[in-house]
>>> print(open('protein_37.txt').read())   # compact mmCIF, C-alpha atoms
# COMPACT_ATOMS: atom_id res chain seq x y z
CA MET D 143 20.53 -81.18 58.43
CA PRO D 144 19.78 -78.88 55.46
CA LYS D 145 22.08 -76.31 57.05
CA ASP D 146 24.91 -78.88 57.15
CA ARG D 147 24.26 -79.79 53.54
CA LYS D 148 24.62 -76.15 52.57
CA LEU D 149 27.58 -75.48 54.82
CA ILE D 150 29.98 -78.07 53.38
CA PRO D 151 29.74 -76.89 49.73
CA THR D 152 30.13 -73.31 50.98
CA ILE D 153 33.35 -74.22 52.81
CA ILE D 154 34.63 -76.17 49.78
CA ALA D 155 33.82 -73.25 47.46
CA ALA D 156 35.59 -70.79 49.79
CA ALA D 157 38.64 -73.04 50.01
CA ILE D 158 38.84 -73.46 46.23
CA PHE D 159 38.35 -69.70 45.80
CA ILE D 160 41.32 -69.02 48.09
CA ILE D 161 43.47 -71.64 46.34
CA LEU D 162 42.71 -70.22 42.88
CA GLU D 163 43.30 -66.64 43.97
CA VAL D 164 46.60 -67.54 45.63
CA ALA D 165 47.64 -69.40 42.47
CA ALA D 166 46.74 -66.39 40.32
CA LEU D 167 48.59 -64.01 42.65
CA ASN D 168 51.61 -66.28 42.61
CA MET D 169 51.69 -66.32 38.81
CA LEU D 170 51.29 -62.55 38.77
CA ARG D 171 54.13 -62.18 41.27
CA ASN D 172 56.49 -64.42 39.29
CA ASN D 173 55.82 -62.76 35.93
CA SER D 174 56.26 -59.10 36.71
CA ALA D 175 58.66 -57.35 39.04
CA LEU D 176 56.24 -54.49 39.76
CA GLN D 177 53.33 -56.78 40.50
CA GLY D 178 55.72 -59.01 42.44
CA ILE D 179 56.51 -56.18 44.83
CA TRP D 180 52.82 -55.25 45.08
CA VAL D 181 51.78 -58.84 45.86
CA SER D 182 54.62 -59.28 48.35
CA LYS D 183 53.67 -56.05 50.10
CA GLY D 184 50.04 -57.18 50.34
CA ALA D 185 51.10 -60.64 51.53
CA HIS D 186 53.29 -59.11 54.23
CA LYS D 187 50.40 -56.94 55.40
CA VAL D 188 48.05 -59.93 55.55
CA MET D 189 50.64 -62.04 57.36
CA SER D 190 51.34 -59.31 59.89
CA VAL D 191 47.60 -58.99 60.63
CA LEU D 192 47.25 -62.78 60.94
CA TRP D 193 50.34 -63.17 63.10
CA GLY D 194 49.34 -60.20 65.20
CA GLY D 195 45.90 -61.72 65.70
CA SER D 196 47.28 -65.13 66.58
CA GLU D 197 49.78 -63.55 68.96
CA SER D 198 46.93 -61.69 70.67
CA ILE D 199 44.96 -64.92 71.04
CA LYS D 200 48.04 -66.76 72.35
CA TYR D 201 48.71 -63.88 74.73
CA TYR D 202 45.13 -64.00 76.02
CA PHE D 203 45.30 -67.72 76.71
CA SER D 204 48.70 -67.42 78.36
CA LEU D 205 47.44 -64.79 80.83
CA LYS D 206 46.64 -67.43 83.46
CA LYS D 207 50.22 -68.73 83.35
CA GLN D 208 51.59 -65.21 83.38
CA ASN D 209 49.44 -64.33 86.40
CA GLU D 210 50.71 -67.39 88.23
CA ALA D 211 54.29 -66.50 87.33
CA LEU D 212 53.73 -62.93 88.51
CA ALA D 213 52.27 -64.18 91.78
CA GLU D 214 55.34 -66.37 92.31
CA GLU D 215 57.59 -63.46 91.43
CA ASN D 216 55.66 -61.21 93.80
CA PHE D 217 56.08 -63.76 96.53
CA ARG D 218 59.84 -64.03 95.96
CA LEU D 219 60.20 -60.25 95.93
CA SER D 220 58.21 -59.98 99.17
CA GLU D 221 60.59 -62.46 100.78
CA GLN D 222 63.63 -60.60 99.48
CA LEU D 223 62.21 -57.31 100.69
CA SER D 224 61.50 -58.84 104.05
CA ARG D 225 65.09 -60.11 104.34
CA TYR D 226 66.48 -56.77 103.18
CA SER D 227 64.35 -54.94 105.73
CA LYS D 228 65.64 -57.19 108.48
CA VAL D 229 69.20 -56.29 107.56
CA THR D 230 68.63 -52.55 107.25
CA ALA D 231 66.06 -51.98 109.99
CA LYS D 232 67.09 -50.22 113.17
CA PRO D 233 66.91 -52.34 116.33
CA ASP D 234 64.06 -50.22 117.71
CA SER D 235 62.14 -50.03 114.45
CA THR D 236 58.66 -51.55 114.37
CA PHE D 237 59.65 -53.37 111.17
CA VAL D 238 61.85 -55.70 113.20
CA LYS D 239 58.62 -57.44 114.17
CA VAL D 240 58.36 -58.73 110.60
CA GLU D 241 61.22 -61.04 111.42
CA GLY D 242 60.16 -64.63 111.71
CA PHE D 243 57.37 -64.67 109.14
CA SER D 244 57.27 -67.17 106.31
CA TYR D 245 55.42 -66.52 103.07
CA ILE D 246 53.58 -69.02 100.87
CA PRO D 247 51.93 -67.97 97.61
CA ALA D 248 48.39 -69.30 97.06
CA GLU D 249 45.37 -68.91 94.87
CA VAL D 250 41.83 -68.33 96.09
CA ILE D 251 39.61 -71.06 94.69
CA LYS D 252 36.37 -70.16 96.43
CA VAL D 253 35.21 -67.04 98.16
CA SER D 254 31.93 -65.80 99.59
CA ARG D 255 31.12 -62.12 99.65
CA ASN D 256 27.43 -61.68 100.24
CA LYS D 257 27.13 -62.88 103.86
CA GLN D 258 27.94 -61.41 107.22
CA HIS D 259 30.32 -64.30 107.96
CA ASN D 260 32.24 -64.68 104.75
CA TYR D 261 34.91 -67.26 104.12
CA MET D 262 37.38 -68.31 101.44
CA ILE D 263 39.20 -71.45 100.40
CA ILE D 264 42.75 -71.38 99.09
CA ASN D 265 44.65 -74.01 97.12
CA LYS D 266 47.42 -74.64 99.65
CA GLY D 267 47.24 -76.96 102.67
CA TYR D 268 49.43 -78.41 105.40
CA GLU D 269 51.56 -80.32 102.90
CA ASP D 270 52.42 -76.96 101.36
CA GLY D 271 53.43 -75.54 104.72
CA VAL D 272 50.20 -73.76 105.63
CA ALA D 273 49.16 -73.89 109.29
CA ALA D 274 46.03 -72.79 111.08
CA ARG D 275 46.05 -69.22 112.42
CA SER D 276 48.20 -68.04 109.52
CA GLY D 277 47.28 -64.74 107.94
CA ILE D 278 46.34 -64.19 104.31
CA ILE D 279 47.54 -61.00 102.71
CA THR D 280 47.95 -59.38 99.33
CA SER D 281 49.98 -56.38 98.26
CA LYS D 282 46.84 -54.35 98.97
CA GLY D 283 46.19 -55.48 102.50
CA VAL D 284 44.89 -58.16 104.80
CA VAL D 285 42.44 -60.66 103.37
CA GLY D 286 41.72 -63.26 106.04
CA ILE D 287 42.91 -65.75 108.62
CA ILE D 288 43.37 -69.49 108.10
CA ASP D 289 40.91 -71.43 110.21
CA ALA D 290 41.24 -75.04 109.09
CA VAL D 291 43.84 -76.80 107.02
CA GLU D 292 43.53 -79.83 104.77
CA LYS D 293 46.21 -81.63 102.75
CA HIS D 294 46.17 -79.24 99.78
CA MET D 295 43.47 -76.76 100.72
CA SER D 296 42.74 -74.40 103.54
CA TYR D 297 39.57 -72.81 104.86
CA ALA D 298 39.96 -69.21 105.92
CA ILE D 299 37.75 -66.67 107.61
CA SER D 300 37.57 -63.67 105.36
CA PHE D 301 38.25 -60.17 106.63
CA MET D 302 34.71 -59.53 105.37
CA ASN D 303 33.43 -61.29 108.45
CA SER D 304 31.85 -59.48 111.36
CA ASP D 305 33.80 -61.69 113.80
CA VAL D 306 37.23 -60.70 112.50
CA SER D 307 39.17 -57.69 113.65
CA ILE D 308 42.84 -56.95 113.21
CA SER D 309 45.14 -54.53 114.94
CA ALA D 310 45.75 -51.47 112.76
CA ARG D 311 47.71 -48.26 113.06
CA LEU D 312 46.77 -44.83 111.76
CA GLY D 313 49.77 -43.54 109.85
CA GLY D 314 53.34 -44.73 110.33
CA GLU D 315 53.54 -44.10 114.05
CA GLY D 316 49.98 -43.21 115.02
CA ALA D 317 47.29 -44.58 117.29
CA VAL D 318 46.43 -48.26 117.20
CA GLY D 319 42.97 -49.78 117.26
CA PRO D 320 40.98 -52.76 116.05
CA LEU D 321 39.99 -52.67 112.41
CA SER D 322 36.95 -54.63 111.27
CA TRP D 323 34.73 -54.88 108.23
CA ASP D 324 31.88 -52.35 108.07
CA GLY D 325 29.46 -55.12 107.06
CA LYS D 326 28.29 -53.26 103.97
CA LYS D 327 30.85 -52.56 101.26
CA THR D 328 33.46 -54.93 99.81
CA ASN D 329 36.14 -52.31 100.50
CA GLY D 330 34.75 -50.68 103.64
CA ALA D 331 36.08 -51.05 107.19
CA ILE D 332 35.92 -49.26 110.56
CA LEU D 333 38.86 -48.45 112.79
CA LYS D 334 37.68 -48.26 116.40
CA GLU D 335 38.99 -47.07 119.75
CA ILE D 336 41.15 -44.24 118.42
CA PRO D 337 41.69 -41.76 121.26
CA LEU D 338 40.05 -38.35 120.78
CA LEU D 339 43.35 -36.69 121.55
CA TYR D 340 44.95 -38.24 118.54
CA LYS D 341 44.66 -35.94 115.53
CA TYR D 342 44.60 -37.40 112.08
CA GLU D 343 43.86 -36.16 108.57
CA LYS D 344 41.43 -37.64 106.11
CA GLY D 345 43.48 -39.60 103.59
CA ASP D 346 45.99 -40.88 106.15
CA THR D 347 47.07 -44.44 105.41
CA VAL D 348 46.21 -47.22 107.82
CA TYR D 349 48.74 -50.04 108.32
CA THR D 350 48.83 -53.28 110.25
CA SER D 351 50.23 -52.48 113.68
CA GLY D 352 52.30 -55.62 114.06
CA TYR D 353 50.89 -56.15 117.58
CA SER D 354 49.13 -59.25 116.33
CA SER D 355 51.09 -62.47 116.04
CA ILE D 356 49.28 -63.28 112.80
CA PHE D 357 50.18 -60.35 110.52
CA PRO D 358 53.49 -58.58 110.06
CA ALA D 359 53.64 -54.86 110.71
CA ASP D 360 53.30 -52.08 108.15
CA ILE D 361 51.12 -53.74 105.55
CA PRO D 362 49.14 -50.85 104.04
CA LEU D 363 45.43 -51.51 104.49
CA GLY D 364 43.45 -48.46 103.43
CA ILE D 365 42.79 -44.76 103.74
CA ALA D 366 41.11 -42.96 106.62
CA GLY D 367 37.81 -41.17 105.93
CA ASP D 368 35.06 -39.64 108.09
CA SER D 369 34.92 -40.26 111.81
CA LYS D 370 32.40 -40.10 114.63
CA VAL D 371 32.80 -39.87 118.37
CA ILE D 372 31.67 -42.89 120.38
CA ASN D 373 30.54 -42.39 123.99
CA GLY D 374 32.47 -39.13 124.08
CA ALA D 375 35.67 -41.11 124.56
CA THR D 376 36.98 -42.52 121.28
CA ASN D 377 36.81 -41.93 117.57
CA GLU D 378 35.45 -44.43 115.11
CA ILE D 379 36.97 -43.86 111.66
CA LYS D 380 35.66 -45.09 108.35
CA ILE D 381 38.40 -46.75 106.29
CA SER D 382 38.38 -47.28 102.57
CA LEU D 383 40.36 -50.49 102.02
CA PHE D 384 42.89 -50.81 99.21
CA GLN D 385 41.87 -54.41 98.69
CA ASP D 386 38.58 -54.79 96.88
CA PHE D 387 37.25 -58.24 97.71
CA THR D 388 35.38 -58.50 94.43
CA ALA D 389 38.73 -58.86 92.63
CA LEU D 390 40.58 -61.39 94.72
CA ARG D 391 42.63 -64.23 93.30
CA PHE D 392 46.34 -64.42 94.11
CA VAL D 393 47.21 -64.16 97.81
CA THR D 394 50.11 -64.83 100.15
CA VAL D 395 49.85 -66.86 103.33
CA VAL D 396 51.96 -65.44 106.13
CA TYR D 397 52.87 -67.59 109.09
CA ASN D 398 54.61 -66.39 112.17
CA THR D 399 57.39 -68.92 112.75
CA GLU D 400 57.83 -67.60 116.28
CA MET D 401 54.18 -67.98 117.19
CA GLU D 402 54.72 -70.95 119.53
CA GLU D 403 57.46 -69.12 121.35
CA LEU D 404 55.25 -66.04 121.67
CA GLU D 405 52.33 -68.06 123.01
CA ALA D 406 54.55 -69.87 125.51
CA LEU D 407 55.80 -66.51 126.70
CA GLU D 408 52.26 -65.17 127.06
CA GLN D 409 51.24 -68.18 129.14
CA MET L 33 22.50 -79.43 21.45
CA ARG L 34 21.95 -76.44 23.72
CA LYS L 35 24.94 -77.43 25.84
CA SER L 36 27.26 -77.67 22.84
CA TYR L 37 25.94 -74.33 21.55
CA THR L 38 26.72 -72.69 24.88
CA THR L 39 30.21 -74.23 24.92
CA LEU L 40 30.90 -73.16 21.35
CA VAL L 41 29.72 -69.60 21.98
CA TYR L 42 31.80 -69.50 25.15
CA LEU L 43 34.96 -70.65 23.34
CA LEU L 44 34.36 -68.19 20.51
CA LEU L 45 33.97 -65.37 23.00
CA VAL L 46 37.26 -66.36 24.65
CA VAL L 47 38.89 -65.97 21.23
CA VAL L 48 37.14 -62.59 20.85
CA GLN L 49 38.51 -61.52 24.23
CA ILE L 50 42.03 -62.57 23.20
CA LEU L 51 41.67 -60.51 20.03
CA LEU L 52 40.35 -57.56 22.04
CA CYS L 53 43.34 -57.77 24.37
CA ASN L 54 45.80 -57.96 21.48
CA TYR L 55 44.34 -55.42 19.08
CA PHE L 56 41.94 -53.12 20.97
CA HIS L 57 44.19 -50.41 22.37
CA VAL L 58 42.21 -47.21 21.85
CA THR L 59 43.23 -45.53 25.05
CA PRO L 60 44.91 -46.60 28.32
CA TYR L 61 41.72 -45.51 30.09
CA ILE L 62 39.66 -48.33 28.61
CA THR L 63 40.07 -51.98 29.50
CA LEU L 64 37.48 -53.78 27.48
CA SER L 65 36.64 -57.18 28.91
CA ILE L 66 33.74 -59.46 28.12
CA LEU L 67 34.94 -62.11 30.55
CA PRO L 68 32.75 -61.01 33.51
CA ILE L 69 29.54 -61.21 31.47
CA MET L 70 30.60 -64.61 30.14
CA ILE L 71 30.94 -65.92 33.68
CA LEU L 72 27.71 -64.26 34.81
CA CYS L 73 25.83 -65.88 31.94
CA LEU L 74 27.04 -69.40 32.66
CA PRO L 75 24.00 -71.67 33.14
CA LEU L 76 22.79 -71.68 36.74
CA LYS L 77 23.16 -75.46 36.81
CA VAL L 78 26.92 -74.90 36.82
CA SER L 79 28.02 -74.97 40.45
CA THR L 80 30.10 -72.23 42.06
CA VAL L 81 33.18 -74.47 42.23
CA ALA L 82 32.85 -75.40 38.55
CA ALA L 83 32.27 -71.76 37.63
CA MET L 84 35.41 -70.75 39.52
CA ILE L 85 37.49 -73.38 37.74
CA ILE L 86 36.05 -72.28 34.36
CA ALA L 87 36.84 -68.66 35.27
CA PHE L 88 40.38 -69.54 36.31
CA VAL L 89 41.10 -71.53 33.12
CA THR L 90 39.48 -68.86 30.94
CA GLY L 91 41.41 -66.08 32.63
CA LEU L 92 44.68 -67.96 32.32
CA SER L 93 44.03 -68.76 28.64
CA VAL L 94 43.49 -65.09 27.91
CA ASP L 95 46.56 -64.18 29.97
CA PHE L 96 48.77 -66.64 28.11
CA LEU L 97 47.47 -65.91 24.63
CA ALA L 98 47.18 -62.15 24.92
CA GLU L 99 49.93 -59.65 25.62
CA GLY L 100 49.43 -59.11 29.29
CA LEU L 101 50.37 -60.06 32.78
CA ILE L 102 50.00 -63.74 33.43
CA GLY L 103 47.46 -64.34 36.17
CA ILE L 104 45.78 -60.94 36.11
CA ASN L 105 42.58 -62.01 34.32
CA ALA L 106 42.38 -65.18 36.38
CA LEU L 107 42.83 -63.13 39.56
CA ALA L 108 40.01 -60.74 38.65
CA LEU L 109 37.65 -63.31 37.16
CA VAL L 110 37.59 -65.96 39.89
CA PRO L 111 35.87 -63.59 42.41
CA VAL L 112 33.17 -62.93 39.79
CA ALA L 113 32.51 -66.66 39.60
CA TYR L 114 32.59 -66.94 43.39
CA VAL L 115 29.89 -64.31 43.94
CA ARG L 116 27.91 -65.15 40.78
CA LYS L 117 25.07 -67.12 42.38
CA SER L 118 24.76 -64.80 45.37
CA LEU L 119 24.68 -61.82 43.04
CA ILE L 120 22.04 -63.40 40.79
CA GLY L 121 19.97 -64.20 43.88
CA PHE L 122 20.39 -60.63 45.14
CA VAL L 123 19.52 -58.94 41.83
CA PHE L 124 16.95 -61.29 40.30
CA GLY L 125 15.62 -62.94 43.47
CA GLU L 126 16.26 -66.31 45.06
CA ASP L 127 13.33 -67.83 43.12
CA LEU L 128 15.36 -67.80 39.95
CA ILE L 129 18.08 -69.90 41.58
CA SER L 130 15.65 -72.33 43.24
CA ARG L 131 13.88 -72.84 39.90
CA GLY L 132 17.25 -73.28 38.18
CA GLU L 133 16.25 -70.88 35.41
CA ASP L 134 18.59 -68.51 33.64
CA PHE L 135 17.97 -64.77 33.60
CA SER L 136 17.28 -62.74 30.48
CA ILE L 137 16.39 -59.19 29.55
CA ARG L 138 13.00 -60.35 28.36
CA LYS L 139 12.15 -62.13 31.60
CA ASN L 140 13.81 -59.88 34.15
CA GLY L 141 13.88 -56.52 32.43
CA LEU L 142 16.71 -54.25 31.34
CA GLY L 143 17.09 -52.63 34.79
CA GLU L 144 17.87 -55.83 36.68
CA VAL L 145 20.13 -57.22 33.97
CA SER L 146 21.98 -53.87 33.77
CA MET L 147 22.48 -53.88 37.52
CA ALA L 148 23.92 -57.41 37.44
CA ILE L 149 26.24 -56.50 34.56
CA LEU L 150 27.44 -53.35 36.30
CA LEU L 151 28.12 -55.23 39.53
CA VAL L 152 30.19 -58.01 37.95
CA GLN L 153 32.02 -55.56 35.70
CA SER L 154 32.79 -53.35 38.70
CA LEU L 155 34.13 -56.26 40.75
CA PHE L 156 36.28 -57.45 37.86
CA LEU L 157 37.58 -53.98 37.02
CA ILE L 158 38.43 -53.02 40.60
CA ILE L 159 40.65 -56.08 40.99
CA TYR L 160 42.06 -55.84 37.47
CA ILE L 161 42.92 -52.13 37.68
CA ALA L 162 44.38 -52.48 41.18
CA ALA L 163 46.58 -55.42 40.15
CA ASP L 164 47.58 -53.77 36.88
CA GLY L 165 48.52 -50.50 38.56
CA ALA L 166 50.24 -52.29 41.47
CA GLY L 167 49.93 -49.18 43.61
CA THR L 168 52.03 -47.05 41.23
CA ARG L 169 49.27 -45.11 39.42
CA PRO L 170 47.45 -42.13 40.91
CA PHE L 171 43.92 -42.56 42.18
CA TRP L 172 42.37 -40.22 39.63
CA PHE L 173 43.85 -42.27 36.78
CA ASN L 174 42.50 -45.51 38.24
CA ALA L 175 39.11 -43.91 38.85
CA ALA L 176 38.92 -42.55 35.29
CA ARG L 177 40.02 -45.90 33.90
CA PHE L 178 37.42 -47.66 36.00
CA GLY L 179 34.61 -45.34 34.86
CA ALA L 180 35.50 -45.51 31.16
CA SER L 181 36.05 -49.28 31.24
CA LEU L 182 32.80 -49.85 33.10
CA ALA L 183 30.83 -47.85 30.56
CA ALA L 184 32.44 -49.60 27.59
CA GLY L 185 32.17 -53.02 29.18
CA TYR L 186 28.52 -52.46 30.07
CA LEU L 187 27.57 -51.59 26.49
CA VAL L 188 29.39 -54.59 25.04
CA ALA L 189 27.95 -56.87 27.71
CA LEU L 190 24.40 -55.72 26.93
CA LEU L 191 24.92 -56.77 23.35
CA LEU L 192 26.29 -60.15 24.42
CA VAL L 193 23.59 -61.09 26.91
CA ASP L 194 21.25 -62.02 24.04
CA THR L 195 23.88 -64.34 22.59
CA LEU L 196 24.94 -65.87 25.86
CA VAL L 197 21.58 -66.53 27.52
CA PRO L 198 19.54 -69.06 25.57
CA ASP L 199 16.11 -67.77 26.65
CA SER L 200 16.76 -64.43 24.99
CA ARG L 201 17.16 -66.05 21.62
CA LYS L 202 13.59 -67.26 21.50
>>> encode(input="protein_37.txt", output="structure tokens")
Amino acid sequence: MPKDRKLIPTIIAAAIFIILEVAALNMLRNNSALQGIWVSKGAHKVMSVLWGGSESIKYYFSLKKQNEALAEENFRLSEQLSRYSKVTAKPDSTFVKVEGFSYIPAEVIKVSRNKQHNYMIINKGYEDGVAARSGIITSKGVVGIIDAVEKHMSYAISFMNSDVSISARLGGEGAVGPLSWDGKKTNGAILKEIPLLYKYEKGDTVYTSGYSSIFPADIPLGIAGDSKVINGATNEIKISLFQDFTALRFVTVVYNTEMEELEALEQ
Amino acid sequence: MRKSYTTLVYLLLVVVQILLCNYFHVTPYITLSILPIMILCLPLKVSTVAAMIIAFVTGLSVDFLAEGLIGINALALVPVAYVRKSLIGFVFGEDLISRGEDFSIRKNGLGEVSMAILLVQSLFLIIYIAADGAGTRPFWFNAARFGASLAAGYLVALLLVDTLVPDSRK
């Protein structure tokens, strides 16, 4: 209470101080050309600082909207790129396999990172066009696979899950093997079953192979690192993922529109 | 009785300041103003808001009645009134404010009173010289003007403290 009693007179005094000073400055400005310019200059400086500050605050609070807009834009561009690739790709190109995928932008609303079987929940469900067994990707790689779908939310198994492995290719046209989380780091993975005969360089990029019906081909996933020989038959290569799971928010759900046809064919 | 004496002295000193502004032009390096000490010596019972309004009206009166820029004294004097109580608390101690007593050379000593005078004079002169120069005068001129005006103002203010603060008259 005593603090409040002291605070109000302080605010009143400060307000009156500002009013009186502004009045004095205004009189000074109106009564002398030289002082008028000086006061106007000072006023412009103060206003530019205030406006600059308020713009910065506004900008900070509009970041969420801007991020959402960027995610939408990213999604549209991905679709356009996909369509363009379909038109320009050669018939025998691996990129043709991208054909038939639909993209839905989404936002991660919950994610676990500190377990062996991590999961995530996104803010799009079956009413938004999301179906089970859709993939979740970002511009930096594969993030997870949709497991269960609700009206406006979906539960996905994260790539940071020891049960998940995806088909990946070393380099543009290299060997293919299953890629899974290393179980330790948020950006660590292991590419298994790479034949010893296949030579690769550290720093080679790893892409989705496109052999899976869940993810389109050629999504860059990470960079190849050290390797070790397993049972004298295959190489196991450490991969440093582009996608760091500690900074995950805007994602894209990819659904293979030809999945049913593919499954029917397989049966 | 004491209140009317204070008011009368205050009004007389305003007239003195107007005369100083109109007739005391020894050198452009000296701006002699007794207004800051007048505001500093206002009774502590006068609130900050009231002191600011007194300072504004006093400054404007001097501006209108003396040959000068209208608003310049008001501009420089209102900040003195605004910081007056904080400055008195800082220099003489918060006890003085809580007891509601006024300061004096006899009670607080020449050192503390001098420091308070120099601080209010400095604040007033910085704003006054900056507004008067309006960014057109070189720094060395403003600095020399500030130093000379501070010295002159301090000496005059020391003489006035005895008149302005009732306790000193005893």
>>> interface_residues(input="protein_37.txt", of="chain L", to="chain D", cutoff="8 Å", atoms="all atoms listed in the file", output="PyMOL selection string")
chain L and resi 80-81+84-85+88+101-104+106-107+110-111+114+163-164+166-167
>>> residues_near_point(input="protein_37.txt", point="(18.6, -55.9, 39.4)", cutoff="9 Å", atoms="all atoms listed in the file", output="MDAnalysis selection string")
chainID L and resid 120 122:125 140:148
>>> axis_aligned_box(input="protein_37.txt", around="region 324-342 of chain D", padding_each_side="3 Å", output="lines of an AutoDock Vina configuration file")
center_x = 36.6
center_y = -45.5
center_z = 110.7
size_x = 22.7
size_y = 25.2
size_z = 27.7
>>> closest_residue(input="protein_37.txt", among="L:Ala98, L:Asp127, L:Gly132, L:Ala87", to="Val115 (chain L)", atoms="all atoms listed in the file")
L:Ala87
>>> residues_around(input="protein_37.txt", residues="Ile288 (chain D)", least_positions_apart="2", cutoff="7 Å", atoms="only C-alpha atoms", output="NGL selection string")
:D and (274-277 or 286 or 290 or 296-299)
>>> residues_around(input="protein_37.txt", residues="Asn105 (chain L)", least_positions_apart="5", cutoff="7 Å", atoms="only C-alpha atoms", output="PDB file with C-alpha atoms, keeping the file's coordinate frame")
ATOM      1  CA  GLY L  91      41.410 -66.080  32.630  1.00  0.00           C
ATOM      2  CA  LEU L  92      44.680 -67.960  32.320  1.00  0.00           C
ATOM      3  CA  ASP L  95      46.560 -64.180  29.970  1.00  0.00           C
ATOM      4  CA  TYR L 160      42.060 -55.840  37.470  1.00  0.00           C
TER       5      TYR L 160
END
>>> atom_distance(input="protein_37.txt", atom1="CA of Ser136 (chain L)", atom2="CA of Val193 (chain L)")
7.4 Å
>>> atom_distance(input="protein_37.txt", atom1="CA of Lys206 (chain D)", atom2="CA of Asp386 (chain D)")
20.1 Å
>>> residues_around(input="protein_37.txt", residues="region 248-264 of chain D", least_positions_apart="2", cutoff="7 Å", atoms="all atoms listed in the file", output="short mmCIF file (atom, residue, chain, number, x, y, z; two decimals) with C-alpha atoms, keeping the file's coordinate frame")
data_model
loop_
_atom_site.label_atom_id
_atom_site.label_comp_id
_atom_site.auth_asym_id
_atom_site.auth_seq_id
_atom_site.Cartn_x
_atom_site.Cartn_y
_atom_site.Cartn_z
CA ILE D 246 53.58 -69.02 100.87
CA LYS D 266 47.42 -74.64 99.65
CA MET D 295 43.47 -76.76 100.72
CA SER D 296 42.74 -74.40 103.54
CA TYR D 297 39.57 -72.81 104.86
CA ALA D 298 39.96 -69.21 105.92
CA ILE D 299 37.75 -66.67 107.61
CA SER D 300 37.57 -63.67 105.36
CA MET D 302 34.71 -59.53 105.37
CA ASN D 303 33.43 -61.29 108.45
CA SER D 304 31.85 -59.48 111.36
CA GLY D 325 29.46 -55.12 107.06
CA ARG D 391 42.63 -64.23 93.30
CA PHE D 392 46.34 -64.42 94.11
CA VAL D 393 47.21 -64.16 97.81
CA THR D 394 50.11 -64.83 100.15
CA VAL D 395 49.85 -66.86 103.33
#
>>> closest_atom_pairs(input="protein_37.txt", of="region 80-195 of chain L", to="region 44-64 of chain L", cutoff="10 Å", atoms="all atoms listed in the file", output="CSV")
residue,atom,partner,partner_atom,distance
L:Thr90,CA,L:Val46,CA,7.1
L:Gly91,CA,L:Val46,CA,9.0
L:Ser93,CA,L:Val46,CA,8.2
L:Val94,CA,L:Ile50,CA,5.5
L:Asp95,CA,L:Ile50,CA,8.3
L:Phe96,CA,L:Ile50,CA,9.3
L:Leu97,CA,L:Ile50,CA,6.5
L:Ala98,CA,L:Ile50,CA,5.4
L:Glu99,CA,L:Asn54,CA,6.1
L:Gly100,CA,L:Cys53,CA,7.9
L:Leu157,CA,L:Thr63,CA,8.2
L:Tyr160,CA,L:Thr63,CA,9.1
L:Ile161,CA,L:Thr63,CA,8.7
L:Phe173,CA,L:Tyr61,CA,7.7
L:Asn174,CA,L:Tyr61,CA,8.2
L:Ala175,CA,L:Tyr61,CA,9.3
L:Ala176,CA,L:Tyr61,CA,6.6
L:Arg177,CA,L:Tyr61,CA,4.2
L:Phe178,CA,L:Tyr61,CA,7.6
L:Gly179,CA,L:Tyr61,CA,8.6
L:Ala180,CA,L:Ile62,CA,5.6
L:Ser181,CA,L:Ile62,CA,4.6
L:Leu182,CA,L:Leu64,CA,8.3
L:Ala183,CA,L:Ile62,CA,9.1
L:Ala184,CA,L:Leu64,CA,6.5
L:Gly185,CA,L:Leu64,CA,5.6
L:Tyr186,CA,L:Leu64,CA,9.4
L:Val188,CA,L:Leu64,CA,8.5
L:Leu192,CA,L:Leu45,CA,9.4
>>> atom_distance(input="protein_37.txt", atom1="CA of Cys73 (chain L)", atom2="CA of Leu43 (chain L)")
13.4 Å
